[in-house]
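Asker: Structure provided below as structure tokens; questions to follow.
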Amino acid sequence: MRQLDRDSGVEHAMKPTFTSLSNTSGLEIIDPIETRRFVFLTSAPVTPEPAPTEGFTFPVTGACRIETASLILPNAVALDIRRPDGTNIASISPQANREFGADDYLIELHGPLKIYLRLKSGIRVDTTSDRIEILFDELTSVKIGARSYHSSPGSTITVPDDPEKVMAALSTFGSTIKTTSPERAWPTLRGHPPRLELGDELRIPDHMEPPETGVTIQIPAEYDAIYPIAPLAYYLGAEVVPGTPAVVTTDSGFDYSLGEQSRVCADRVEHLLKRMFVLDCVIRTEGHYPVPLAERDIVEDRTNLDIPALYDASIVQRLEAYETVPDEVVEALMPMWHRTTYTRPTSDAVELLPYLVNDLSLLRIKQREQQPEPTEEEQEVQDALDSFLRRASSDAAFVRSTGTREVYRGTGSDQDNGGSSSISTRGIPGVGEYISLPETNTLEKSWIGEETPIHGSKLHPAGFANETPEVTDGFIEITVVCNDTEMREEWDAISEIYGNRKDILVDATCEFEVSTDELRDILARDTDIVHYIGHIDGSGFKCPDGILDATTLSNVGATIVFLNGCRSHNQGVAVLEAGANATVSSLGDVGNTGAMEVGETLARLLYRGFSVGSAMSIVEEYTTIGRNYVVIGDPGVAIAQCENGLPLIYYINNNSGEVYEDEYTFEPYVYPISITNIGSIFQSYLPDLDQYYVGVGICGESNVSKNTFQSILPGTTVPLIEDGNLVWSHNWL
């Protein structure tokens, strides 16, 4: 079996911490980088002693030793029983009981941070939908190792605004991937590419040489060719060279034409990336994680691929073999891709390239329109924003602006520039400053450029700049600011959301009627989320003593800032540039009723472990005014761990009367987050779903009653989609 490379990414001084539980017998492990928490309950009180990190086969950054007769996990997670050299003995499925004779074992736990156990004993594992018990023959010494899933750039390449030099920098990206085997499809084994910084000349650190994979991608030295091939070049570890025709070649003589037109090239790159990736996900089941994967069944039934041989094959050999698989088979395997990112063919996206390819986002070029007039969709959106006051008044709601609405004709500034028929208000972009993105077959879409997307996230370099988190004590810090007592109902709703989970530590506070100085201090704190409820317009945040303009902020320490007020777009950009990773801002006037619905829904989704980008894609689709908001910055940011490892929604259809009374079809629909991105696997606790799926999108289906469904829930509310509506399990059951 091929050994995984030991280096899992950039080393961090912030190592996992191990602490005895104070209120019961057990151990708490905190990941201070991602604010993740994992708890073991033990048969008696334990005192963790520091231990060396060697001996786990897989990389860990911190370790301890305890003595116990059992370990109980209050939340169900996937686990693998291994021999000390990493060889897999068994992957434990949900609601299964297994016994293993006395021996030397390595147990791998796939929780909110990676955890390994080394011990000598007989083992019995009992699992349910919300609990796992690991029982030993007797009091046993257990060595526990852990590492964060966090990954960030470890080096910096300086590159000028020159497509050929950008290609040279891109050629180094594959050197950060930790293995050439199909295991590279795991997100934890795709190391983060180096940071790119625009400068006068190309400077590549000595250790960042292009990997020798035998794959070369030749394309024209133009940005509209470079950007779409970037994720493929990274995943294949390919050298990118200038020239025509556009083609992928290997040292064995294999070539794959990318076509002559940029759009055709982008389509073929996407086709090849997806094909290579999903088949790697299948082939890797021959390695360290031999789980029953639904996609492997399809490959074995419909192709003659030699899976064991391909696991040990080179990238070039796999690339050639994968091209023999019929398109319809690949289509049957393909998970929903998570994100498509659009940009102009300029240097605007160069500094964001490392983050986009680390995310394996699809990259597409959006050419500048040759028409100065707004598109029909852009005008419809602006008309909707302009009429929102009337809609809000019709349901007796009031509007979260700072007072009389001031309308200008021009580009969205505070003064009339004249000569334009577009309509805008202070604090938001003008009609000509929006951009309509094409429809995609991905969960999310995003934009890099000066304009603001009508639907989708606006990627901003400032959101990715603050990459080194501060050390935390494991608490998720949430601050709600309510600067209008008439809007207190939103706080009342979200206060019931925060704090009702047993697996995470939360410090949620609400402050009312804060002054400009107090708000400045709140925003400067190292906080996971600041949720602002109140009045905003182009001038700033309305406080009892005046207006706080975010452009005057020198520092923002919050990870996510949600500005739930009117016309908060420009203030959101300023908050982001002052230090936040992501802001959620409005694109017009928002009525109090609709804003409260958005605020409560977003809070529930973030608290369930969704990234801010995924959460807002759901908010856009299933709330009345969700499309009046936009994520600015890094849409991959998440503030809470997920009980299931991956956040999900259940799609449900009522089958009552067709086969059985009170029977429903449940389809778990999985969303990615940065630490368990595309390439992770998912297994549902629903009956009859005993296989794993490559997680993103629908992962099987099961026909069960409400009572059965309730019995497998993790003890907290989960989102459901029924008849096109978003509902929550605590209301539906």
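Labels used: A, B, ... for chains in the order of the structure tokens, numbers from 1 for residues in each chain, and numbers from 1 for ligands as shown.
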DSSP on the backbone, then: every residue of range 532-641 of chain A marked strand (DSSP E or B), written as a list in words.
Answerer: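 Strand (DSSP E or B) assignments inside range 532-641 of chain A correspond to Tyr532, Ile533, Ile536, Asp537, Gly540, Phe541, Lys542, Cys543, Gly546, Ile547, Leu548, Ile560, Val561, Phe562, Leu563, Asn564, Ala582, Thr583, Val584, Ser585, Ser586, Gly591, Tyr629, Val630, Val631, Ile632 and Gly633 of chain A.
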Asker: Save out the residues we just selected, N, CA and C atoms, as a JSON list (two decimals), in the first residue's frame.
Answerer:
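Produced file result-v3.json, reproduced below:
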[["chain", "number", "residue", "atom", "x", "y", "z"],
["A", 532, "TYR", "N", -25.20, 42.74, 12.86],
["A", 532, "TYR", "CA", -25.69, 44.10, 13.12],
["A", 532, "TYR", "C", -27.15, 44.21, 12.68],
["A", 533, "ILE", "N", -27.99, 44.67, 13.60],
["A", 533, "ILE", "CA", -29.41, 44.90, 13.34],
["A", 533, "ILE", "C", -29.67, 46.39, 13.55],
["A", 536, "ILE", "N", -28.78, 51.57, 8.37],
["A", 536, "ILE", "CA", -27.55, 51.85, 7.64],
["A", 536, "ILE", "C", -27.95, 52.54, 6.34],
["A", 537, "ASP", "N", -27.12, 53.45, 5.88],
["A", 537, "ASP", "CA", -27.25, 53.91, 4.50],
["A", 537, "ASP", "C", -25.86, 54.26, 4.00],
["A", 540, "GLY", "N", -23.31, 55.50, 6.72],
["A", 540, "GLY", "CA", -22.76, 54.65, 7.75],
["A", 540, "GLY", "C", -23.83, 54.05, 8.65],
["A", 541, "PHE", "N", -23.38, 53.58, 9.83],
["A", 541, "PHE", "CA", -24.25, 52.95, 10.82],
["A", 541, "PHE", "C", -24.87, 54.03, 11.71],
["A", 542, "LYS", "N", -26.17, 53.95, 11.89],
["A", 542, "LYS", "CA", -26.83, 54.92, 12.76],
["A", 542, "LYS", "C", -26.70, 54.49, 14.21],
["A", 543, "CYS", "N", -26.09, 55.35, 15.03],
["A", 543, "CYS", "CA", -25.93, 55.10, 16.46],
["A", 543, "CYS", "C", -26.62, 56.23, 17.24],
["A", 546, "GLY", "N", -24.79, 59.47, 16.70],
["A", 546, "GLY", "CA", -24.40, 59.90, 15.37],
["A", 546, "GLY", "C", -24.20, 58.73, 14.42],
["A", 547, "ILE", "N", -23.41, 58.94, 13.38],
["A", 547, "ILE", "CA", -23.18, 57.96, 12.33],
["A", 547, "ILE", "C", -21.74, 57.49, 12.37],
["A", 548, "LEU", "N", -21.54, 56.16, 12.33],
["A", 548, "LEU", "CA", -20.21, 55.58, 12.20],
["A", 548, "LEU", "C", -20.02, 55.14, 10.75],
["A", 560, "ILE", "N", -16.84, 37.12, 10.20],
["A", 560, "ILE", "CA", -18.00, 37.44, 9.36],
["A", 560, "ILE", "C", -18.74, 38.60, 9.99],
["A", 561, "VAL", "N", -19.12, 39.58, 9.18],
["A", 561, "VAL", "CA", -19.93, 40.70, 9.65],
["A", 561, "VAL", "C", -21.19, 40.73, 8.79],
["A", 562, "PHE", "N", -22.34, 40.59, 9.43],
["A", 562, "PHE", "CA", -23.63, 40.61, 8.74],
["A", 562, "PHE", "C", -24.29, 41.95, 9.01],
["A", 563, "LEU", "N", -24.42, 42.74, 7.96],
["A", 563, "LEU", "CA", -24.98, 44.09, 8.09],
["A", 563, "LEU", "C", -26.43, 44.05, 7.65],
["A", 564, "ASN", "N", -27.33, 43.77, 8.59],
["A", 564, "ASN", "CA", -28.74, 43.61, 8.26],
["A", 564, "ASN", "C", -29.47, 44.93, 8.39],
["A", 582, "ALA", "N", -15.37, 38.09, 5.53],
["A", 582, "ALA", "CA", -16.56, 38.12, 4.69],
["A", 582, "ALA", "C", -17.59, 39.03, 5.33],
["A", 583, "THR", "N", -18.33, 39.73, 4.48],
["A", 583, "THR", "CA", -19.48, 40.50, 4.96],
["A", 583, "THR", "C", -20.70, 40.08, 4.16],
["A", 584, "VAL", "N", -21.85, 40.16, 4.80],
["A", 584, "VAL", "CA", -23.13, 39.97, 4.12],
["A", 584, "VAL", "C", -23.82, 41.31, 4.15],
["A", 585, "SER", "N", -24.09, 41.86, 2.97],
["A", 585, "SER", "CA", -24.60, 43.22, 2.87],
["A", 585, "SER", "C", -25.81, 43.27, 1.96],
["A", 586, "SER", "N", -26.60, 44.32, 2.12],
["A", 586, "SER", "CA", -27.83, 44.46, 1.33],
["A", 586, "SER", "C", -27.58, 45.35, 0.12],
["A", 591, "GLY", "N", -37.23, 45.80, 4.11],
["A", 591, "GLY", "CA", -38.26, 45.92, 5.12],
["A", 591, "GLY", "C", -37.93, 45.10, 6.35],
["A", 629, "TYR", "N", -29.38, 40.58, -1.00],
["A", 629, "TYR", "CA", -28.15, 40.57, -0.20],
["A", 629, "TYR", "C", -27.03, 39.94, -1.03],
["A", 630, "VAL", "N", -25.79, 40.23, -0.65],
["A", 630, "VAL", "CA", -24.63, 39.68, -1.34],
["A", 630, "VAL", "C", -23.53, 39.40, -0.33],
["A", 631, "VAL", "N", -22.79, 38.29, -0.56],
["A", 631, "VAL", "CA", -21.58, 38.01, 0.22],
["A", 631, "VAL", "C", -20.41, 38.68, -0.46],
["A", 632, "ILE", "N", -19.60, 39.40, 0.33],
["A", 632, "ILE", "CA", -18.41, 40.07, -0.19],
["A", 632, "ILE", "C", -17.21, 39.52, 0.57],
["A", 633, "GLY", "N", -16.15, 39.13, -0.15],
["A", 633, "GLY", "CA", -14.96, 38.61, 0.51],
["A", 633, "GLY", "C", -14.74, 37.16, 0.19]]
Asker: Taking the backbone alone, and naming residues the way the document does, which bits of range 483-628 of chain A are alpha helix (DSSP H) by DSSP, as a PyMOL selection string?
Answerer: chain A and resi 488-497+516-524+569-577+592-607+612-622
Asker: Distance table requested - range 258-374 of chain A against range 664-682 of chain A, cut-off 9 Å, only C-alpha atoms: one row per qualifying residue with the closest atom pair and its distance in Å to one decimal, ordered by chain and rising residue number, as JSON lines.
Answerer:
{"residue": "A:Phe277", "atom": "CA", "partner": "A:Gly679", "partner_atom": "CA", "distance": 8.1}
{"residue": "A:Val278", "atom": "CA", "partner": "A:Gly679", "partner_atom": "CA", "distance": 8.0}
{"residue": "A:Cys281", "atom": "CA", "partner": "A:Gly679", "partner_atom": "CA", "distance": 6.8}
{"residue": "A:Leu293", "atom": "CA", "partner": "A:Ile681", "partner_atom": "CA", "distance": 8.6}
{"residue": "A:Pro335", "atom": "CA", "partner": "A:Ile678", "partner_atom": "CA", "distance": 8.7}
{"residue": "A:Trp337", "atom": "CA", "partner": "A:Ile678", "partner_atom": "CA", "distance": 7.6}
{"residue": "A:His338", "atom": "CA", "partner": "A:Pro672", "partner_atom": "CA", "distance": 7.1}
{"residue": "A:Asp359", "atom": "CA", "partner": "A:Asn677", "partner_atom": "CA", "distance": 7.3}
{"residue": "A:Leu360", "atom": "CA", "partner": "A:Ile678", "partner_atom": "CA", "distance": 7.9}
Asker: Excluding same-chain residues fewer than 5 positions from Glu597 in chain A, what lies within 9 Å of it counting only C-alpha atoms, as a ChimeraX atom specification?
Answerer: /A:490,592,602,623-626
Asker: Identify, on the basis of only C-alpha atoms, every residue whose closest approach to Ala246 in chain A does not exceed 10 Å; exclude the query and any residue fewer than 6 positions from it along the same chain; express the result as number ranges by chain.
Answerer: A: 217-220, 225, 256-262, 265
Asker: If we count only C-alpha atoms, what is near range 295-302 of chain A at a cut-off of 10 Å, once residues fewer than 3 positions away on the same chain are taken out, given as a ChimeraX atom specification?
Answerer: /A:278-279,281-285,291-292,305-307,325-326,328-330,332-335,691-694
Asker: Please produce, as a Markdown table, a per-residue contact table for range 185-281 of chain A versus range 311-323 of chain A (criterion: any atom at most 9 Å away, only C-alpha atoms considered), showing the nearest atom pair and its distance in Å to one decimal, sorted by chain then residue number.
Answerer:
| residue | atom | partner | partner_atom | distance |
| --- | --- | --- | --- | --- |
| A:Thr213 | CA | A:Ile315 | CA | 6.7 |
| A:Gly214 | CA | A:Val316 | CA | 6.6 |
| A:Val215 | CA | A:Val316 | CA | 6.8 |
| A:Leu236 | CA | A:Ile315 | CA | 7.2 |
| A:Gly237 | CA | A:Ile315 | CA | 8.9 |
| A:Thr250 | CA | A:Val316 | CA | 6.4 |
| A:Asp251 | CA | A:Val316 | CA | 7.9 |
| A:Ser252 | CA | A:Val316 | CA | 7.6 |
| A:Phe254 | CA | A:Glu320 | CA | 7.1 |
| A:Asp255 | CA | A:Glu320 | CA | 9.0 |
| A:Leu272 | CA | A:Glu323 | CA | 8.6 |
| A:Arg275 | CA | A:Tyr322 | CA | 7.2 |
| A:Met276 | CA | A:Leu319 | CA | 6.7 |
| A:Leu279 | CA | A:Tyr322 | CA | 7.2 |
| A:Asp280 | CA | A:Tyr311 | CA | 8.4 |
Asker: Could you tell me how far CA of Gly463 in chain A lies from CA of His271 in chain A, in Å and to one decimal?
Answerer: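 Atom-to-atom, CA of Gly463 in chain A and CA of His271 in chain A are spaced 29.7 Å apart.
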Asker: So how many Å separate CA of His569 in chain A and CA of Ala595 in chain A, to one decimal?
Answerer: 14.6 Å
Asker: Quick one: distance from CA of Arg118 in chain A to CA of Arg184 in chain A in Å, one decimal?
Answerer: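 Interatomic distance, CA of Arg118 in chain A to CA of Arg184 in chain A: 25.1 Å.
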Asker: Given only C-alpha atoms as the basis, pick out the residue of A:Asn304, A:Gly62, A:Gln683, A:Gly432 nearest to Ser91 in chain A.
Answerer: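 Under the stated criterion, the closest residue is A:Gln683.
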Asker: Near range 167-173 of chain A, within 9 Å and counting only C-alpha atoms, which residues show up once chain neighbours fewer than 3 positions away are dropped, as a ChimeraX atom specification?
Answerer: /A:157-159,162-164,176-177,192-194,196,202-204,208-211,221,226,230,233-235,237-242,353-354,357
Asker: Compile the contact shell of Ile81 in chain A as a VMD selection string: residues with an atom at most 8 Å away, counting only C-alpha atoms, same-chain residues fewer than 4 positions apart removed.
Answerer: chain A and resid 88 to 92 105 to 108
